[in-house]
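J.: To be precise about what I am sending: the file is called structure-v7.cif and holds mmCIF, C-alpha atoms; chains and numbers go by the auth columns.
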```cif
data_upload
loop_
_atom_site.group_PDB
_atom_site.id
_atom_site.type_symbol
_atom_site.label_atom_id
_atom_site.label_comp_id
_atom_site.label_asym_id
_atom_site.label_seq_id
_atom_site.Cartn_x
_atom_site.Cartn_y
_atom_site.Cartn_z
_atom_site.B_iso_or_equiv
_atom_site.auth_seq_id
_atom_site.auth_asym_id
ATOM 1 C CA MET A 1 0.000 0.000 0.000 0.00 1 A
ATOM 2 C CA VAL A 2 1.413 3.358 -1.076 0.00 2 A
ATOM 3 C CA THR A 3 0.887 6.409 1.135 0.00 3 A
ATOM 4 C CA PHE A 4 0.900 9.826 -0.478 0.00 4 A
ATOM 5 C CA ASN A 5 0.609 12.412 2.321 0.00 5 A
ATOM 6 C CA VAL A 6 -1.025 14.881 -0.072 0.00 6 A
ATOM 7 C CA ARG A 7 -4.158 15.878 1.850 0.00 7 A
ATOM 8 C CA PRO A 8 -6.329 13.819 4.205 0.00 8 A
ATOM 9 C CA ASP A 9 -9.269 13.576 1.773 0.00 9 A
ATOM 10 C CA ILE A 10 -7.047 12.615 -1.176 0.00 10 A
ATOM 11 C CA ASP A 11 -5.039 10.148 0.918 0.00 11 A
ATOM 12 C CA ALA A 12 -8.234 8.450 2.143 0.00 12 A
ATOM 13 C CA ALA A 13 -9.631 8.179 -1.403 0.00 13 A
ATOM 14 C CA ALA A 14 -6.291 6.863 -2.736 0.00 14 A
ATOM 15 C CA ALA A 15 -6.196 4.223 0.014 0.00 15 A
ATOM 16 C CA ARG A 16 -9.534 2.851 -1.280 0.00 16 A
ATOM 17 C CA LEU A 17 -8.277 2.535 -4.884 0.00 17 A
ATOM 18 C CA SER A 18 -7.870 -1.029 -6.119 0.00 18 A
ATOM 19 C CA SER A 19 -4.541 0.000 -7.674 0.00 19 A
ATOM 20 C CA THR A 20 -2.620 3.270 -7.802 0.00 20 A
ATOM 21 C CA PHE A 21 -0.247 2.015 -10.507 0.00 21 A
ATOM 22 C CA GLY A 22 -0.072 4.604 -13.293 0.00 22 A
ATOM 23 C CA ALA A 23 -1.881 7.323 -11.302 0.00 23 A
ATOM 24 C CA LYS A 24 0.708 8.350 -8.718 0.00 24 A
ATOM 25 C CA ARG A 25 1.681 11.599 -10.451 0.00 25 A
ATOM 26 C CA GLU A 26 -1.973 12.611 -10.814 0.00 26 A
ATOM 27 C CA ILE A 27 -2.734 11.813 -7.160 0.00 27 A
ATOM 28 C CA GLU A 28 0.235 13.875 -5.980 0.00 28 A
ATOM 29 C CA ARG A 29 -0.682 16.835 -8.209 0.00 29 A
ATOM 30 C CA LEU A 30 -4.465 16.658 -7.825 0.00 30 A
ATOM 31 C CA PRO A 31 -4.636 19.652 -5.427 0.00 31 A
ATOM 32 C CA SER A 32 -3.465 21.893 -8.290 0.00 32 A
ATOM 33 C CA VAL A 33 -6.724 21.297 -10.217 0.00 33 A
ATOM 34 C CA LEU A 34 -9.096 21.446 -7.256 0.00 34 A
ATOM 35 C CA TRP A 35 -11.069 24.567 -6.419 0.00 35 A
ATOM 36 C CA GLU A 36 -10.882 26.206 -3.027 0.00 36 A
ATOM 37 C CA GLY A 37 -13.023 24.259 -0.552 0.00 37 A
ATOM 38 C CA GLU A 38 -13.357 21.283 -2.901 0.00 38 A
ATOM 39 C CA THR A 39 -12.831 17.889 -1.270 0.00 39 A
ATOM 40 C CA VAL A 40 -12.205 14.515 -2.883 0.00 40 A
ATOM 41 C CA GLU A 41 -14.784 11.801 -2.176 0.00 41 A
ATOM 42 C CA MET A 42 -13.487 8.966 -4.383 0.00 42 A
ATOM 43 C CA LEU A 43 -10.812 8.173 -6.953 0.00 43 A
ATOM 44 C CA ALA A 44 -10.576 5.718 -9.865 0.00 44 A
ATOM 45 C CA LYS A 45 -8.300 5.253 -12.877 0.00 45 A
ATOM 46 C CA GLY A 46 -9.415 5.181 -16.482 0.00 46 A
ATOM 47 C CA HIS A 47 -8.605 5.885 -20.129 0.00 47 A
ATOM 48 C CA TYR A 48 -10.107 9.024 -21.637 0.00 48 A
ATOM 49 C CA ALA A 49 -9.095 11.730 -24.110 0.00 49 A
ATOM 50 C CA GLY A 50 -6.104 9.773 -25.359 0.00 50 A
ATOM 51 C CA GLY A 51 -4.528 8.873 -22.060 0.00 51 A
ATOM 52 C CA ILE A 52 -4.725 6.989 -18.798 0.00 52 A
ATOM 53 C CA GLY A 53 -5.568 9.287 -15.942 0.00 53 A
ATOM 54 C CA LEU A 54 -7.344 9.784 -12.669 0.00 54 A
ATOM 55 C CA ILE A 55 -11.072 10.136 -12.157 0.00 55 A
ATOM 56 C CA ALA A 56 -11.808 12.221 -9.062 0.00 56 A
ATOM 57 C CA MET A 57 -15.293 12.484 -7.607 0.00 57 A
ATOM 58 C CA THR A 58 -15.360 15.591 -5.413 0.00 58 A
ATOM 59 C CA ASN A 59 -18.056 17.350 -3.462 0.00 59 A
ATOM 60 C CA LEU A 60 -18.615 19.644 -6.494 0.00 60 A
ATOM 61 C CA ARG A 61 -17.846 17.781 -9.706 0.00 61 A
ATOM 62 C CA LEU A 62 -16.413 14.744 -11.451 0.00 62 A
ATOM 63 C CA ILE A 63 -12.916 15.382 -12.840 0.00 63 A
ATOM 64 C CA PHE A 64 -10.780 13.466 -15.327 0.00 64 A
ATOM 65 C CA TYR A 65 -7.135 14.457 -14.785 0.00 65 A
ATOM 66 C CA LYS A 66 -4.114 13.309 -16.781 0.00 66 A
ATOM 67 C CA ASN A 67 -0.724 14.841 -16.018 0.00 67 A
ATOM 68 C CA GLY A 68 1.657 13.616 -18.692 0.00 68 A
ATOM 69 C CA ILE A 69 5.221 14.673 -19.323 0.00 69 A
ATOM 70 C CA MET A 70 4.315 16.711 -22.400 0.00 70 A
ATOM 71 C CA GLN A 71 0.613 17.393 -21.878 0.00 71 A
ATOM 72 C CA GLN A 72 -1.935 17.901 -19.120 0.00 72 A
ATOM 73 C CA THR A 73 -5.629 17.093 -19.534 0.00 73 A
ATOM 74 C CA VAL A 74 -8.329 18.275 -17.155 0.00 74 A
ATOM 75 C CA GLU A 75 -11.986 17.822 -17.960 0.00 75 A
ATOM 76 C CA ASP A 76 -14.658 18.368 -15.397 0.00 76 A
ATOM 77 C CA PHE A 77 -18.306 17.430 -15.225 0.00 77 A
ATOM 78 C CA PRO A 78 -20.231 19.604 -12.725 0.00 78 A
ATOM 79 C CA TYR A 79 -22.912 17.525 -11.000 0.00 79 A
ATOM 80 C CA GLY A 80 -25.685 19.911 -12.026 0.00 80 A
ATOM 81 C CA LYS A 81 -24.863 19.230 -15.695 0.00 81 A
ATOM 82 C CA ILE A 82 -24.759 15.421 -15.473 0.00 82 A
ATOM 83 C CA SER A 83 -28.038 13.973 -16.739 0.00 83 A
ATOM 84 C CA SER A 84 -27.184 10.291 -16.348 0.00 84 A
ATOM 85 C CA VAL A 85 -24.392 7.814 -15.755 0.00 85 A
ATOM 86 C CA GLN A 86 -23.950 4.373 -17.309 0.00 86 A
ATOM 87 C CA TRP A 87 -21.642 1.591 -16.155 0.00 87 A
ATOM 88 C CA GLN A 88 -20.787 -1.332 -18.401 0.00 88 A
ATOM 89 C CA GLY A 89 -18.487 -3.820 -16.706 0.00 89 A
ATOM 90 C CA GLY A 90 -16.442 -6.577 -18.236 0.00 90 A
ATOM 91 C CA MET A 91 -14.392 -9.298 -16.615 0.00 91 A
ATOM 92 C CA LEU A 92 -11.769 -6.965 -15.065 0.00 92 A
ATOM 93 C CA THR A 93 -12.525 -3.460 -16.323 0.00 93 A
ATOM 94 C CA GLY A 94 -15.439 -1.504 -17.667 0.00 94 A
ATOM 95 C CA THR A 95 -16.573 1.768 -19.192 0.00 95 A
ATOM 96 C CA LEU A 96 -18.088 4.655 -17.268 0.00 96 A
ATOM 97 C CA THR A 97 -20.256 6.785 -19.544 0.00 97 A
ATOM 98 C CA VAL A 98 -21.238 10.247 -18.342 0.00 98 A
ATOM 99 C CA TYR A 99 -24.008 12.115 -20.178 0.00 99 A
ATOM 100 C CA THR A 100 -23.987 15.909 -19.841 0.00 100 A
ATOM 101 C CA SER A 101 -26.035 18.471 -21.750 0.00 101 A
ATOM 102 C CA GLY A 102 -26.363 16.267 -24.826 0.00 102 A
ATOM 103 C CA ASN A 103 -22.704 15.204 -24.744 0.00 103 A
ATOM 104 C CA ARG A 104 -21.286 11.811 -23.923 0.00 104 A
ATOM 105 C CA ALA A 105 -17.946 10.978 -22.305 0.00 105 A
ATOM 106 C CA ASP A 106 -16.746 7.364 -22.285 0.00 106 A
ATOM 107 C CA ILE A 107 -14.055 6.702 -19.693 0.00 107 A
ATOM 108 C CA GLN A 108 -12.724 3.244 -20.489 0.00 108 A
ATOM 109 C CA ASN A 109 -10.598 0.634 -18.732 0.00 109 A
ATOM 110 C CA VAL A 110 -11.862 1.573 -15.273 0.00 110 A
ATOM 111 C CA LEU A 111 -11.204 -1.257 -12.829 0.00 111 A
ATOM 112 C CA LYS A 112 -14.473 -3.090 -12.294 0.00 112 A
ATOM 113 C CA ASN A 113 -14.824 -2.599 -8.520 0.00 113 A
ATOM 114 C CA ASP A 114 -13.857 1.089 -8.566 0.00 114 A
ATOM 115 C CA GLY A 115 -16.062 1.885 -11.579 0.00 115 A
ATOM 116 C CA LYS A 116 -19.192 0.218 -10.215 0.00 116 A
ATOM 117 C CA ILE A 117 -18.906 2.001 -6.864 0.00 117 A
ATOM 118 C CA LEU A 118 -18.254 5.316 -8.592 0.00 118 A
ATOM 119 C CA ALA A 119 -21.199 4.914 -10.983 0.00 119 A
ATOM 120 C CA ASP A 120 -23.562 3.890 -8.175 0.00 120 A
ATOM 121 C CA ASP A 121 -22.541 6.846 -6.020 0.00 121 A
ATOM 122 C CA LEU A 122 -22.951 9.280 -8.924 0.00 122 A
ATOM 123 C CA ARG A 123 -26.393 7.850 -9.767 0.00 123 A
ATOM 124 C CA ARG A 124 -27.564 8.149 -6.183 0.00 124 A
ATOM 125 C CA HIS A 125 -26.570 11.785 -5.990 0.00 125 A
ATOM 126 C CA ILE A 126 -28.095 12.608 -9.361 0.00 126 A
ATOM 127 C CA ALA A 127 -31.377 10.975 -8.265 0.00 127 A
ATOM 128 C CA GLN A 128 -31.324 12.883 -4.972 0.00 128 A
ATOM 129 C CA GLY A 129 -30.452 16.106 -6.727 0.00 129 A
ATOM 130 C CA THR A 130 -27.396 16.637 -4.525 0.00 130 A
ATOM 131 C CA ALA A 131 -23.704 16.628 -5.051 0.00 131 A
ATOM 132 C CA PRO A 132 -21.698 13.964 -3.308 0.00 132 A
ATOM 133 C CA GLY A 133 -20.944 14.949 0.216 0.00 133 A
ATOM 134 C CA ALA A 134 -23.451 17.790 0.185 0.00 134 A
ATOM 135 C CA ALA A 135 -25.706 18.058 3.182 0.00 135 A
ATOM 136 C CA PRO A 136 -29.424 17.967 2.454 0.00 136 A
ATOM 137 C CA ALA A 137 -31.002 21.381 2.433 0.00 137 A
ATOM 138 C CA SER A 138 -32.544 22.278 5.760 0.00 138 A
ATOM 139 C CA PRO A 139 -36.156 23.369 5.716 0.00 139 A
ATOM 140 C CA ALA A 140 -36.685 27.090 5.889 0.00 140 A
ATOM 141 C CA VAL A 141 -38.186 28.346 9.106 0.00 141 A
ATOM 142 C CA ALA A 142 -40.487 31.302 8.733 0.00 142 A
ATOM 143 C CA ALA A 143 -39.827 34.286 10.928 0.00 143 A
ATOM 144 C CA PRO A 144 -42.335 34.445 13.752 0.00 144 A
ATOM 145 C CA THR A 145 -44.994 37.070 13.348 0.00 145 A
ATOM 146 C CA ALA A 146 -46.190 39.320 16.131 0.00 146 A
ATOM 147 C CA GLY A 147 -49.327 38.052 17.765 0.00 147 A
ATOM 148 C CA PRO A 148 -51.156 37.868 21.051 0.00 148 A
ATOM 149 C CA ASP A 149 -50.088 34.311 21.978 0.00 149 A
ATOM 150 C CA VAL A 150 -46.393 34.622 22.836 0.00 150 A
ATOM 151 C CA ALA A 151 -46.454 31.363 24.814 0.00 151 A
ATOM 152 C CA SER A 152 -47.586 29.303 21.793 0.00 152 A
ATOM 153 C CA ARG A 153 -44.994 30.957 19.569 0.00 153 A
ATOM 154 C CA LEU A 154 -42.261 30.133 22.071 0.00 154 A
ATOM 155 C CA ALA A 155 -43.582 26.562 22.365 0.00 155 A
ATOM 156 C CA THR A 156 -43.512 26.163 18.572 0.00 156 A
ATOM 157 C CA LEU A 157 -39.961 27.504 18.482 0.00 157 A
ATOM 158 C CA ASP A 158 -38.964 25.028 21.212 0.00 158 A
ATOM 159 C CA GLN A 159 -40.485 22.167 19.166 0.00 159 A
ATOM 160 C CA LEU A 160 -38.589 23.226 16.037 0.00 160 A
ATOM 161 C CA ARG A 161 -35.349 23.318 18.012 0.00 161 A
ATOM 162 C CA GLY A 162 -36.098 19.920 19.555 0.00 162 A
ATOM 163 C CA GLN A 163 -36.616 18.443 16.078 0.00 163 A
ATOM 164 C CA GLY A 164 -33.320 19.941 14.900 0.00 164 A
ATOM 165 C CA LEU A 165 -35.014 22.231 12.365 0.00 165 A
ATOM 166 C CA VAL A 166 -33.427 25.369 13.818 0.00 166 A
ATOM 167 C CA SER A 167 -29.902 25.787 15.115 0.00 167 A
ATOM 168 C CA ASP A 168 -29.128 27.075 18.590 0.00 168 A
ATOM 169 C CA GLU A 169 -28.139 30.403 17.057 0.00 169 A
ATOM 170 C CA GLU A 170 -31.429 30.680 15.118 0.00 170 A
ATOM 171 C CA TYR A 171 -33.343 29.653 18.239 0.00 171 A
ATOM 172 C CA THR A 172 -31.751 32.412 20.307 0.00 172 A
ATOM 173 C CA GLN A 173 -32.349 34.996 17.576 0.00 173 A
ATOM 174 C CA ARG A 174 -36.030 34.050 17.050 0.00 174 A
ATOM 175 C CA ARG A 175 -36.688 33.828 20.794 0.00 175 A
ATOM 176 C CA THR A 176 -35.268 37.321 21.236 0.00 176 A
ATOM 177 C CA GLN A 177 -37.492 38.594 18.395 0.00 177 A
ATOM 178 C CA ILE A 178 -40.586 37.074 19.985 0.00 178 A
ATOM 179 C CA LEU A 179 -39.793 38.518 23.400 0.00 179 A
ATOM 180 C CA ASP A 180 -38.953 41.928 21.883 0.00 180 A
ATOM 181 C CA SER A 181 -42.393 42.011 20.229 0.00 181 A
ATOM 182 C CA LEU A 182 -44.045 42.254 23.669 0.00 182 A
#
```
As structure tokens - that is how I would like this structure written.
T.:
Amino acid sequence: MVTFNVRPDIDAAAARLSSTFGAKREIERLPSVLWEGETVEMLAKGHYAGGIGLIAMTNLRLIFYKNGIMQQTVEDFPYGKISSVQWQGGMLTGTLTVYTSGNRADIQNVLKNDGKILADDLRRHIAQGTAPGAAPASPAVAAPTAGPDVASRLATLDQLRGQGLVSDEEYTQRRTQILDSL
């Protein structure tokens, strides 16, 4: 097992790879193509755009990254643009097909175990309408309106806090607003 000591998220994803052979340079240089605040969820290797490279599933997008001696290739697929994902596995490897805005990208020779997990995770997030690693949107809590029954408004606020629908900070702010309306 090879350790990279690049970043904790990248190291953890690299440790789950079936094989890092042929992707070491890309793993080590992956932070250079990541956006600020972007974290790596999963990695796989594959053949795309004329070369063998690294497939990185982040919290924001799917990236194909090839860092060759003479040429660098970076192609990203933002999750909001991916319409569907197809996995076709063979005996040892398979093809991950990503459909975006009428375009099709076939990433071939992805190791079977890595590709299936990657495709399943992408499908789940597309179906849920969320990016991998993104927290589900919390329900909006309407600002309390002034009214005669302060006790019931405070009780409702307490219930919302108890259910985890408002944070402690929001609770304190809303409670202050209710009491100030007296």
J.: Could you give me, as number ranges by chain, the residues within 12 Å of A:Ile69, counting only C-alpha atoms and dropping anything in the same chain fewer than 4 positions from it?
T.: A: 25-26, 51, 73
J.: Go ahead and save the picked residues with C-alpha atoms, as a PDB file, keeping the file's coordinate frame.
T.:
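Written output follows (selection02.pdb):
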```pdb
ATOM      1  CA  ARG A  25       1.681  11.599 -10.451  1.00  0.00           C
ATOM      2  CA  GLU A  26      -1.973  12.611 -10.814  1.00  0.00           C
ATOM      3  CA  GLY A  51      -4.528   8.873 -22.060  1.00  0.00           C
ATOM      4  CA  THR A  73      -5.629  17.093 -19.534  1.00  0.00           C
TER       5      THR A  73
END
```
J.: Between A:Leu30, A:Leu111, A:Ala105, A:Val85, which one has atoms that come closest to A:Gln72, using all atoms listed in the file?
T.: A:Leu30
J.: Using atom CA of A:Gln86 and atom CA of A:Lys116 as the two end points, give the distance in Å to one decimal.
T.: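 Here the two named atoms are 9.5 Å from each other.
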J.: Apply the PyMOL selection byres ((chain A and resi 152-159) around 8) to the file shown and report the selected residues as a PyMOL selection string.
T.: chain A and resi 144+149-151+160-163+171+174-175+178
J.: Limited to C-alpha atoms, could you put the picked residues into a file as a PDB file, in the coordinates of the input?
T.:
```
ATOM      1  CA  PRO A 144     -42.335  34.445  13.752  1.00  0.00           C
ATOM      2  CA  ASP A 149     -50.088  34.311  21.978  1.00  0.00           C
ATOM      3  CA  VAL A 150     -46.393  34.622  22.836  1.00  0.00           C
ATOM      4  CA  ALA A 151     -46.454  31.363  24.814  1.00  0.00           C
ATOM      5  CA  LEU A 160     -38.589  23.226  16.037  1.00  0.00           C
ATOM      6  CA  ARG A 161     -35.349  23.318  18.012  1.00  0.00           C
ATOM      7  CA  GLY A 162     -36.098  19.920  19.555  1.00  0.00           C
ATOM      8  CA  GLN A 163     -36.616  18.443  16.078  1.00  0.00           C
ATOM      9  CA  TYR A 171     -33.343  29.653  18.239  1.00  0.00           C
ATOM     10  CA  ARG A 174     -36.030  34.050  17.050  1.00  0.00           C
ATOM     11  CA  ARG A 175     -36.688  33.828  20.794  1.00  0.00           C
ATOM     12  CA  ILE A 178     -40.586  37.074  19.985  1.00  0.00           C
TER      13      ILE A 178
END
```
J.: What does the PyMOL selection byres ((chain A and resi 122) around 9) select in this file, as a ChimeraX atom specification?
T.: /A:57,62,79,84-85,117-121,123-127,131-132
J.: Please list as an mmCIF file with C-alpha atoms, in the coordinates of the input every residue within 12 Å of A:Thr39, counting all atoms listed in the file and excluding residues in the same chain fewer than 3 positions away.
T.:
```cif
data_model
loop_
_atom_site.group_PDB
_atom_site.id
_atom_site.type_symbol
_atom_site.label_atom_id
_atom_site.label_comp_id
_atom_site.auth_asym_id
_atom_site.auth_seq_id
_atom_site.Cartn_x
_atom_site.Cartn_y
_atom_site.Cartn_z
ATOM 1 C CA ARG A 7 -4.158 15.878 1.850
ATOM 2 C CA PRO A 8 -6.329 13.819 4.205
ATOM 3 C CA ASP A 9 -9.269 13.576 1.773
ATOM 4 C CA ILE A 10 -7.047 12.615 -1.176
ATOM 5 C CA ASP A 11 -5.039 10.148 0.918
ATOM 6 C CA ALA A 12 -8.234 8.450 2.143
ATOM 7 C CA ALA A 13 -9.631 8.179 -1.403
ATOM 8 C CA LEU A 30 -4.465 16.658 -7.825
ATOM 9 C CA PRO A 31 -4.636 19.652 -5.427
ATOM 10 C CA VAL A 33 -6.724 21.297 -10.217
ATOM 11 C CA LEU A 34 -9.096 21.446 -7.256
ATOM 12 C CA TRP A 35 -11.069 24.567 -6.419
ATOM 13 C CA GLU A 36 -10.882 26.206 -3.027
ATOM 14 C CA MET A 42 -13.487 8.966 -4.383
ATOM 15 C CA LEU A 43 -10.812 8.173 -6.953
ATOM 16 C CA ALA A 56 -11.808 12.221 -9.062
ATOM 17 C CA MET A 57 -15.293 12.484 -7.607
ATOM 18 C CA THR A 58 -15.360 15.591 -5.413
ATOM 19 C CA ASN A 59 -18.056 17.350 -3.462
ATOM 20 C CA LEU A 60 -18.615 19.644 -6.494
ATOM 21 C CA ARG A 61 -17.846 17.781 -9.706
ATOM 22 C CA LEU A 62 -16.413 14.744 -11.451
ATOM 23 C CA ILE A 63 -12.916 15.382 -12.840
ATOM 24 C CA ALA A 131 -23.704 16.628 -5.051
ATOM 25 C CA PRO A 132 -21.698 13.964 -3.308
ATOM 26 C CA GLY A 133 -20.944 14.949 0.216
ATOM 27 C CA ALA A 134 -23.451 17.790 0.185
#
```
J.: One number please: atom CA of A:Asp114 to atom CA of A:Gly94, in Å, one decimal.
T.: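 For atom CA of A:Asp114 relative to atom CA of A:Gly94, the distance reads 9.6 Å.
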J.: Mind listing whatever residues come within 10 Å of the point (-21.7, 7.2, -19.4)? Use only C-alpha atoms, file coordinates, and give them as a ChimeraX atom specification.
T.: /A:82-88,95-100,103-108,119
J.: Enumerate, as a list of chain:residue names, the residues matched when the PyMOL selection byres ((chain A and resi 68) around 12) is run on the file above.
T.: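 Those residues are A:Gly22, A:Ala23, A:Lys24, A:Arg25, A:Glu26, A:Arg29, A:Gly50, A:Gly51, A:Ile52, A:Gly53, A:Leu54, A:Tyr65, A:Lys66, A:Asn67, A:Ile69, A:Met70, A:Gln71, A:Gln72, A:Thr73, A:Val74.
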J.: Which residue gives the smallest distance to A:Thr20 among A:Asp76, A:Lys81, A:Lys45, A:Asp168, with all atoms listed in the file counted?
T.: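 Comparing A:Asp76, A:Lys81, A:Lys45, A:Asp168 against A:Thr20, the winner is A:Lys45.
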J.: To one decimal place in Å, what is the distance between atom CA of A:Gly46 and atom CA of A:Asn109?
T.: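 The value is 5.2 Å.
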J.: Return the padded bounding box of stretch 94-98 of chain A as lines of an AutoDock Vina configuration file: axis-aligned, built from all atoms listed in the file, 5 Å added on each side, with centre and edge lengths in Å to one decimal.
T.:
```
center_x = -18.3
center_y = 4.4
center_z = -18.4
size_x = 15.8
size_y = 21.8
size_z = 12.3
```
